[in-house]
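Asks: For reference, this is protein_33.cif, and it has mmCIF, C-alpha atoms and all ligand atoms.
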data_target
loop_
_atom_site.label_atom_id
_atom_site.label_comp_id
_atom_site.auth_asym_id
_atom_site.auth_seq_id
_atom_site.Cartn_x
_atom_site.Cartn_y
_atom_site.Cartn_z
CA MET A 278 0.54 22.68 23.60
CA THR A 279 3.90 21.10 22.90
CA MET A 280 4.06 18.63 20.09
CA ASN A 281 6.88 16.29 19.24
CA GLU A 282 8.71 16.23 15.92
CA VAL A 283 6.63 13.38 14.46
CA GLY A 284 3.40 15.17 15.36
CA LYS A 285 4.63 18.38 13.75
CA ASN A 286 5.56 16.53 10.57
CA LEU A 287 2.17 14.80 10.45
CA GLU A 288 0.38 18.10 10.91
CA LEU A 289 2.36 19.69 8.08
CA ILE A 290 1.75 16.80 5.68
CA GLU A 291 -1.97 16.75 6.51
CA LYS A 292 -2.11 20.44 5.66
CA GLU A 293 -0.43 19.82 2.32
CA LEU A 294 -2.84 16.97 1.54
CA SER A 295 -5.95 18.85 2.66
CA PRO A 296 -6.91 20.13 -0.85
CA TYR A 297 -7.01 16.52 -2.08
CA LYS A 298 -8.97 13.37 -1.31
CA THR A 299 -5.74 11.67 -0.33
CA LYS A 300 -5.20 9.83 2.93
CA LEU A 301 -1.87 9.30 4.64
CA LEU A 302 -0.40 5.94 5.61
CA PRO A 303 2.64 6.29 7.90
CA VAL A 304 5.38 3.89 6.79
CA SER A 305 7.33 2.83 9.84
CA LYS A 306 9.94 0.46 8.40
CA THR A 307 13.34 0.86 10.11
CA PHE A 308 11.87 3.26 12.70
CA SER A 309 11.49 2.44 16.38
CA VAL A 310 8.33 1.59 18.29
CA GLU A 311 8.93 4.81 20.28
CA ARG A 312 8.71 6.98 17.13
CA MET A 313 5.69 4.96 15.96
CA MET A 314 4.01 5.65 19.30
CA ASP A 315 4.40 9.38 18.61
CA ALA A 316 2.27 8.90 15.49
CA TYR A 317 -0.10 6.63 17.41
CA ASP A 318 -0.54 9.25 20.14
CA TYR A 319 -1.17 11.85 17.45
CA GLY A 320 -4.08 9.66 16.30
CA TYR A 321 -2.82 7.26 13.63
CA ARG A 322 -4.09 3.69 13.81
CA ALA A 323 -2.58 2.28 10.60
CA PHE A 324 1.06 1.63 9.73
CA GLY A 325 2.84 0.28 6.66
CA GLU A 326 5.81 -2.06 6.82
CA ASN A 327 7.70 -3.62 3.94
CA ARG A 328 9.15 -6.72 5.62
CA VAL A 329 7.20 -9.52 7.26
CA GLN A 330 9.65 -10.11 10.13
CA GLU A 331 9.77 -6.45 11.14
CA LEU A 332 6.00 -6.20 10.85
CA LEU A 333 5.55 -9.18 13.18
CA THR A 334 7.94 -7.76 15.76
CA LYS A 335 6.12 -4.44 15.78
CA TYR A 336 2.72 -6.13 15.79
CA GLU A 337 3.76 -7.81 19.05
CA ALA A 338 5.12 -4.60 20.56
CA MET A 339 2.40 -2.12 19.62
CA PRO A 340 -1.21 -1.64 20.82
CA LYS A 341 -3.76 -4.06 19.38
CA ASP A 342 -6.05 -1.51 17.68
CA ILE A 343 -3.68 -0.92 14.75
CA ALA A 344 -4.44 -1.79 11.11
CA TRP A 345 -1.23 -3.23 9.67
CA HIS A 346 -0.44 -2.77 5.98
CA LEU A 347 2.18 -4.77 4.13
CA ILE A 348 3.63 -2.60 1.36
CA GLY A 349 6.75 -4.52 0.30
CA HIS A 350 7.30 -7.61 -1.83
CA LEU A 351 5.73 -10.68 -0.23
CA GLN A 352 7.07 -14.20 -0.71
CA THR A 353 4.42 -16.91 -0.85
CA ASN A 354 6.04 -18.84 2.04
CA LYS A 355 5.60 -15.84 4.37
CA VAL A 356 1.90 -15.22 3.79
CA LYS A 357 0.87 -17.55 6.61
CA PHE A 358 2.61 -15.42 9.23
CA ILE A 359 0.54 -12.30 8.54
CA SER A 360 -2.74 -13.83 7.33
CA PRO A 361 -4.38 -13.92 10.81
CA PHE A 362 -4.34 -10.14 11.23
CA ILE A 363 -3.10 -8.16 8.20
CA ALA A 364 -5.49 -5.31 7.23
CA LEU A 365 -4.28 -4.63 3.67
CA ILE A 366 -1.60 -6.10 1.42
CA HIS A 367 -0.55 -3.43 -1.12
CA SER A 368 1.97 -5.55 -2.97
CA VAL A 369 0.08 -8.37 -4.67
CA ASP A 370 2.18 -8.72 -7.81
CA SER A 371 1.05 -12.07 -9.23
CA GLU A 372 -1.88 -14.48 -9.38
CA LYS A 373 0.34 -17.07 -7.71
CA LEU A 374 0.64 -14.84 -4.64
CA LEU A 375 -3.09 -14.11 -4.70
CA ILE A 376 -3.82 -17.85 -4.66
CA GLU A 377 -1.64 -18.33 -1.58
CA ILE A 378 -3.21 -15.34 0.20
CA ASP A 379 -6.66 -16.76 -0.56
CA LYS A 380 -5.64 -20.14 0.85
CA GLN A 381 -4.12 -18.71 4.03
CA ALA A 382 -7.04 -16.31 4.52
CA ALA A 383 -9.45 -19.26 4.35
CA ARG A 384 -7.34 -21.11 6.89
CA ALA A 385 -7.45 -18.07 9.20
CA GLY A 386 -11.21 -17.73 8.67
CA ARG A 387 -10.84 -14.27 7.18
CA VAL A 388 -11.19 -12.25 4.00
CA ILE A 389 -7.96 -10.37 3.25
CA ASN A 390 -7.97 -6.96 1.56
CA CYS A 391 -5.48 -6.63 -1.28
CA LEU A 392 -4.21 -4.09 -3.77
CA LEU A 393 -2.73 -5.19 -7.08
CA GLN A 394 0.74 -3.75 -7.54
CA VAL A 395 1.30 -2.44 -11.05
CA PHE A 396 4.69 -1.85 -12.62
CA ILE A 397 4.81 1.75 -13.85
CA ALA A 398 8.47 2.76 -13.38
CA THR A 399 11.33 2.72 -15.85
CA GLU A 400 13.53 0.74 -13.46
CA GLU A 401 13.94 -3.00 -13.91
CA THR A 402 13.96 -3.71 -10.20
CA LYS A 403 10.39 -2.93 -9.21
CA PHE A 404 7.79 -5.63 -8.85
CA GLY A 405 4.29 -5.61 -10.26
CA TRP A 406 1.88 -6.60 -13.00
CA ASP A 407 2.36 -5.19 -16.50
CA ILE A 408 -0.39 -2.84 -17.53
CA ASN A 409 -1.63 -5.05 -20.36
CA GLU A 410 -1.41 -8.17 -18.24
CA ILE A 411 -3.58 -6.67 -15.52
CA LYS A 412 -6.13 -5.33 -18.02
CA ASP A 413 -6.61 -8.84 -19.41
CA TRP A 414 -6.60 -10.50 -16.03
CA TYR A 415 -8.90 -8.06 -14.20
CA SER A 416 -11.46 -7.97 -17.01
CA SER A 417 -11.58 -11.79 -17.06
CA ASN A 418 -13.08 -11.65 -13.54
CA LYS A 419 -10.94 -14.52 -12.28
CA ILE A 420 -11.05 -12.82 -8.88
CA GLU A 421 -14.54 -14.17 -8.37
CA LYS A 422 -13.21 -17.62 -7.51
CA TYR A 423 -10.93 -16.32 -4.74
CA LYS A 424 -13.59 -16.08 -2.05
CA ASN A 425 -11.22 -15.07 0.75
CA ILE A 426 -9.71 -12.15 -1.16
CA ASN A 427 -11.12 -8.67 -1.43
CA VAL A 428 -9.43 -6.55 -4.11
CA LEU A 429 -9.72 -2.87 -3.22
CA GLY A 430 -7.60 -1.23 -5.88
CA LEU A 431 -4.09 -0.64 -7.18
CA MET A 432 -0.65 0.26 -5.87
CA GLY A 433 2.30 1.63 -7.81
CA MET A 434 5.72 3.15 -7.34
CA ALA A 435 7.08 5.80 -9.69
CA SER A 436 10.69 5.87 -10.84
CA ASN A 437 13.13 7.08 -8.22
CA SER A 438 13.93 10.14 -10.30
CA SER A 439 14.25 13.90 -9.91
CA ASP A 440 12.51 14.27 -13.28
CA GLU A 441 9.09 15.47 -12.10
CA ASN A 442 7.57 15.11 -15.55
CA LEU A 443 8.51 11.45 -15.67
CA VAL A 444 7.05 10.81 -12.19
CA LYS A 445 3.90 12.73 -13.11
CA LYS A 446 3.51 10.72 -16.32
CA GLU A 447 3.86 7.42 -14.47
CA PHE A 448 1.30 8.40 -11.83
CA SER A 449 -1.15 9.64 -14.46
CA THR A 450 -0.75 6.33 -16.33
CA LEU A 451 -1.63 4.43 -13.16
CA LYS A 452 -4.60 6.70 -12.44
CA ALA A 453 -5.90 6.16 -16.01
CA LEU A 454 -5.57 2.39 -15.56
CA PHE A 455 -7.43 2.60 -12.22
CA GLU A 456 -10.30 4.48 -13.91
CA HIS A 457 -10.28 2.09 -16.88
CA LEU A 458 -10.53 -0.99 -14.66
CA LYS A 459 -13.60 0.31 -12.83
CA GLN A 460 -15.81 -0.96 -15.63
CA TYR A 461 -14.59 -4.46 -14.73
CA ASP A 462 -15.61 -4.29 -11.08
CA LEU A 463 -17.69 -7.36 -11.88
CA SER A 464 -17.56 -9.34 -8.69
CA SER A 465 -18.63 -8.53 -5.13
CA ASN A 466 -15.03 -9.10 -4.00
CA SER A 467 -13.35 -6.64 -6.35
CA LYS A 468 -13.71 -2.88 -6.56
CA MET A 469 -11.36 -0.14 -7.73
CA GLU A 470 -11.61 2.34 -4.85
CA THR A 471 -8.10 2.69 -3.40
CA LEU A 472 -5.19 4.03 -5.44
CA SER A 473 -2.03 3.72 -3.34
CA MET A 474 0.63 5.90 -4.94
CA GLY A 475 3.12 8.46 -3.67
CA MET A 476 5.93 8.44 -1.10
CA SER A 477 7.81 11.17 0.80
CA GLY A 478 9.65 12.38 -2.30
CA ASP A 479 6.72 12.52 -4.69
CA PHE A 480 3.51 12.65 -2.63
CA LYS A 481 2.43 16.07 -3.89
CA ILE A 482 2.62 14.96 -7.52
CA ALA A 483 0.77 11.76 -6.58
CA ALA A 484 -2.01 13.70 -4.81
CA GLU A 485 -2.39 16.00 -7.83
CA GLU A 486 -2.63 12.96 -10.09
CA GLY A 487 -5.43 11.39 -8.06
CA SER A 488 -3.84 9.20 -5.39
CA THR A 489 -6.23 8.17 -2.62
CA LEU A 490 -3.47 6.93 -0.27
CA VAL A 491 0.14 8.07 0.03
CA ARG A 492 2.67 5.87 1.84
CA MET A 493 5.14 8.08 3.70
CA GLY A 494 8.01 7.25 6.00
CA SER A 495 11.00 9.59 6.02
CA ALA A 496 8.96 12.80 5.78
CA ILE A 497 7.25 11.78 9.04
CA PHE A 498 9.91 9.92 11.01
CA GLY A 499 13.14 11.42 9.66
CA TYR A 500 16.08 10.04 7.69
CA ARG A 501 16.84 6.34 7.71
C1 LIG B 1 9.69 2.65 2.17
C2 LIG B 1 8.50 2.66 1.32
C3 LIG B 1 7.67 3.79 1.25
C4 LIG B 1 7.94 5.06 2.01
O1 LIG B 1 9.14 5.66 1.58
P1 LIG B 1 9.58 7.10 2.12
O2 LIG B 1 10.49 7.61 1.06
O3 LIG B 1 10.27 6.87 3.41
O4 LIG B 1 8.36 7.93 2.25
C5 LIG B 1 6.55 3.71 0.44
N1 LIG B 1 6.24 2.60 -0.27
C6 LIG B 1 7.03 1.49 -0.23
C7 LIG B 1 6.63 0.30 -1.03
C8 LIG B 1 8.18 1.49 0.57
O5 LIG B 1 8.94 0.38 0.60
#
What would you get if you wrote out this structure as structure tokens?

Replies:
Amino acid sequence: MTMNEVGKNLELIEKELSPYKTKLLPVSKTFSVERMMDAYDYGYRAFGENRVQELLTKYEAMPKDIAWHLIGHLQTNKVKFISPFIALIHSVDSEKLLIEIDKQAARAGRVINCLLQVFIATEETKFGWDINEIKDWYSSNKIEKYKNINVLGLMGMASNSSDENLVKKEFSTLKALFEHLKQYDLSSNSKMETLSMGMSGDFKIAAEEGSTLVRMGSAIFGYR
């Protein structure tokens, strides 16, 4: 059997993840529909994109049985473009955004799955809730009033650093928060079950620290 490059990469990554309960989300941003179809033909039916426009273009071009994940920062004025079909939004970084997603989901007659993005890195540039802010907010059970939202867990990005101890510490902080918040799964539309952490450069550390979903692009599709 001959297998293309993307298939070989997927096979290798799956082998590395096999000791863990960690699933793989291929991140296709900047890569062509042709390369994405290699992953599709291999068996993948979910893809992550970080920009709304690119996601919409690929949604049009690709088969219709794909679960689309938005993983990048989402502006409130763009929610309406993805609300009819998006499978999971990883990057919900404020209550303001959640309110807009709830509104657009209602308009589309859907319930939209969301992850709350938590700020765990040392860099100033990354989006997300502060740890204390999310503890207060999640335990207050405000989610209950957003009937068209389903919160499935947390997402985080570690510092873009070669210091493995730093990355490990950030992931373990997020995992501890994830476990802590489980006691506040108070409403039928909120449950801590998905922990989206880890990318091509740090997925092994993330899997060791308890990630349930790694988001990987370059390790599958090549350099950007
Ligand atoms: C691009 C991106 C990834 C994947 O990055 P790779 O280094 O290509 O694996 C993961 N998460 C987010 C939020 C991204 O924007």

Asks: Show me which residues line ligand LIG 1 (chain B), defined as having an atom within 6 Å of a ligand atom where only C-alpha atoms and all ligand atoms count, and present them as a ChimeraX atom specification.

Replies: /A:304,327,348-349,476-478,492-495

Asks: For A:Lys468, work out the shell of residues within 9 Å, counting all atoms listed in the file and skipping chain neighbours fewer than 4 positions away, then give it as JSON, numbers by chain.

Replies: {"A": [427, 428, 429, 430, 458, 459, 461, 462, 463, 464]}

Asks: Write out as a list in words the residues lying within 8 Å of A:Phe480, counting all atoms listed in the file and excluding same-chain residues fewer than 5 positions away.

Replies: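 Non-adjacent residues within range: Met474, Gly475, Val491 and Met493 of chain A.
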
Asks: How many Å lie between atom CA of A:Ala453 and atom CA of A:Ile397, rounded to one decimal?

Replies: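 Separation between atom CA of A:Ala453 and atom CA of A:Ile397: 11.8 Å.
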
Asks: Using all atoms listed in the file, find the one residue out of A:Ile376, A:Lys422, A:Leu451, A:Asp440 that sits nearest to A:Phe396.

Replies: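 Using all atoms listed in the file, A:Phe396 sits closest to A:Leu451.
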
Asks: Compile the contact shell of A:Trp406 as number ranges by chain: residues with an atom at most 7 Å away, counting all atoms listed in the file, same-chain residues fewer than 6 positions apart removed.

Replies: A: 370-371, 394-396

Asks: With a distance cut-off of 8 Å and all atoms listed in the file, select the neighbouring residues of A:Ile482, excluding the residue or stretch itself and same-chain residues fewer than 2 positions from it, and output the selection as a list in words.

Replies: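 Returned residues: Glu441, Val444, Lys445, Phe448, Gly475, Asp479, Phe480, Ala484, Glu485 and Glu486 of chain A.
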
Asks: Got a sec: who's within 12 Å of stretch 381-384 of chain A, counting all atoms listed in the file, leaving out chain neighbours fewer than 3 positions off, as a list in words?

Replies: Thr353, Asn354, Lys355, Val356, Lys357, Phe358, Ile359, Ser360, Pro361, Phe362, Ile363, Ala364, Ile366, Leu374, Leu375, Ile376, Glu377, Ile378, Arg387, Val388, Ile389, Asn390, Cys391, Tyr423, Lys424, Asn425, Ile426 and Asn427 of chain A

Asks: What does the distance from atom CA of A:Glu282 to atom CA of A:Ala316 come to in Å, to one decimal?

Replies: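 Atom-to-atom, atom CA of A:Glu282 to atom CA of A:Ala316, that is 9.8 Å.
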
Asks: So which one's closest to A:Leu351, A:Lys403, A:Arg328, A:Lys373, A:Lys446? Using all atoms listed in the file, please.

Replies: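 Nearest candidate to A:Leu351 out of A:Lys403, A:Arg328, A:Lys373, A:Lys446: A:Arg328.
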
Asks: Restore N, CA, C and O atoms in stretch 413-439 of chain A and list the result as a CSV table (one decimal), in the coordinates of the input.

Replies:
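Saved file part.csv follows:
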chain,number,residue,atom,x,y,z
A,413,ASP,N,-6.0,-7.5,-19.0
A,413,ASP,CA,-6.6,-8.8,-19.4
A,413,ASP,C,-7.1,-9.6,-18.2
A,413,ASP,O,-8.2,-10.2,-18.2
A,414,TRP,N,-6.3,-9.7,-17.2
A,414,TRP,CA,-6.6,-10.5,-16.0
A,414,TRP,C,-7.8,-10.0,-15.3
A,414,TRP,O,-8.7,-10.7,-14.9
A,415,TYR,N,-7.8,-8.6,-15.0
A,415,TYR,CA,-8.9,-8.1,-14.2
A,415,TYR,C,-10.2,-8.2,-14.9
A,415,TYR,O,-11.3,-8.5,-14.3
A,416,SER,N,-10.2,-7.9,-16.3
A,416,SER,CA,-11.5,-8.0,-17.0
A,416,SER,C,-12.0,-9.4,-17.2
A,416,SER,O,-13.2,-9.6,-17.4
A,417,SER,N,-11.1,-10.4,-17.0
A,417,SER,CA,-11.6,-11.8,-17.1
A,417,SER,C,-12.4,-12.2,-15.8
A,417,SER,O,-12.9,-13.3,-15.8
A,418,ASN,N,-12.3,-11.4,-14.8
A,418,ASN,CA,-13.1,-11.6,-13.5
A,418,ASN,C,-12.7,-13.0,-12.9
A,418,ASN,O,-13.5,-13.6,-12.2
A,419,LYS,N,-11.4,-13.3,-13.0
A,419,LYS,CA,-10.9,-14.5,-12.3
A,419,LYS,C,-11.0,-14.3,-10.8
A,419,LYS,O,-11.0,-15.3,-10.0
A,420,ILE,N,-11.0,-13.1,-10.3
A,420,ILE,CA,-11.0,-12.8,-8.9
A,420,ILE,C,-12.2,-13.5,-8.2
A,420,ILE,O,-12.2,-13.9,-7.0
A,421,GLU,N,-13.3,-13.6,-8.9
A,421,GLU,CA,-14.5,-14.2,-8.4
A,421,GLU,C,-14.3,-15.5,-7.6
A,421,GLU,O,-15.0,-15.8,-6.7
A,422,LYS,N,-13.4,-16.3,-8.1
A,422,LYS,CA,-13.2,-17.6,-7.5
A,422,LYS,C,-12.4,-17.6,-6.2
A,422,LYS,O,-12.3,-18.6,-5.5
A,423,TYR,N,-11.7,-16.4,-6.0
A,423,TYR,CA,-10.9,-16.3,-4.7
A,423,TYR,C,-11.8,-15.7,-3.6
A,423,TYR,O,-11.8,-14.5,-3.4
A,424,LYS,N,-12.5,-16.5,-3.0
A,424,LYS,CA,-13.6,-16.1,-2.0
A,424,LYS,C,-13.0,-15.4,-0.8
A,424,LYS,O,-13.8,-14.7,-0.1
A,425,ASN,N,-11.8,-15.7,-0.5
A,425,ASN,CA,-11.2,-15.1,0.8
A,425,ASN,C,-10.3,-13.9,0.5
A,425,ASN,O,-9.5,-13.5,1.3
A,426,ILE,N,-10.5,-13.3,-0.7
A,426,ILE,CA,-9.7,-12.2,-1.2
A,426,ILE,C,-10.7,-11.0,-1.5
A,426,ILE,O,-11.8,-11.3,-2.0
A,427,ASN,N,-10.3,-9.8,-1.1
A,427,ASN,CA,-11.1,-8.7,-1.4
A,427,ASN,C,-10.2,-7.7,-2.1
A,427,ASN,O,-9.3,-7.1,-1.4
A,428,VAL,N,-10.3,-7.5,-3.4
A,428,VAL,CA,-9.4,-6.6,-4.1
A,428,VAL,C,-10.0,-5.2,-4.0
A,428,VAL,O,-11.2,-4.9,-4.4
A,429,LEU,N,-9.2,-4.2,-3.5
A,429,LEU,CA,-9.7,-2.9,-3.2
A,429,LEU,C,-9.1,-1.8,-4.2
A,429,LEU,O,-9.5,-0.7,-4.1
A,430,GLY,N,-8.2,-2.2,-5.0
A,430,GLY,CA,-7.6,-1.2,-5.9
A,430,GLY,C,-6.2,-1.5,-6.3
A,430,GLY,O,-5.8,-2.7,-6.4
A,431,LEU,N,-5.4,-0.5,-6.6
A,431,LEU,CA,-4.1,-0.6,-7.2
A,431,LEU,C,-3.0,0.1,-6.3
A,431,LEU,O,-3.3,1.0,-5.6
A,432,MET,N,-1.8,-0.4,-6.5
A,432,MET,CA,-0.6,0.3,-5.9
A,432,MET,C,0.4,0.4,-6.9
A,432,MET,O,0.6,-0.5,-7.8
A,433,GLY,N,1.2,1.5,-6.9
A,433,GLY,CA,2.3,1.6,-7.8
A,433,GLY,C,3.4,2.5,-7.2
A,433,GLY,O,3.1,3.4,-6.4
A,434,MET,N,4.6,2.3,-7.7
A,434,MET,CA,5.7,3.2,-7.3
A,434,MET,C,6.3,3.8,-8.6
A,434,MET,O,6.6,3.1,-9.6
A,435,ALA,N,6.5,5.1,-8.5
A,435,ALA,CA,7.1,5.8,-9.7
A,435,ALA,C,8.6,5.6,-9.7
A,435,ALA,O,9.2,5.1,-8.7
A,436,SER,N,9.2,5.9,-10.8
A,436,SER,CA,10.7,5.9,-10.8
A,436,SER,C,11.3,6.7,-9.7
A,436,SER,O,10.7,7.8,-9.4
A,437,ASN,N,12.4,6.3,-9.2
A,437,ASN,CA,13.1,7.1,-8.2
A,437,ASN,C,14.0,8.1,-9.0
A,437,ASN,O,15.1,7.9,-9.2
A,438,SER,N,13.3,9.2,-9.4
A,438,SER,CA,13.9,10.1,-10.3
A,438,SER,C,13.6,11.6,-9.9
A,438,SER,O,12.5,11.8,-9.4
A,439,SER,N,14.5,12.5,-10.2
A,439,SER,CA,14.2,13.9,-9.9
A,439,SER,C,13.5,14.5,-11.1
A,439,SER,O,13.1,15.7,-11.0
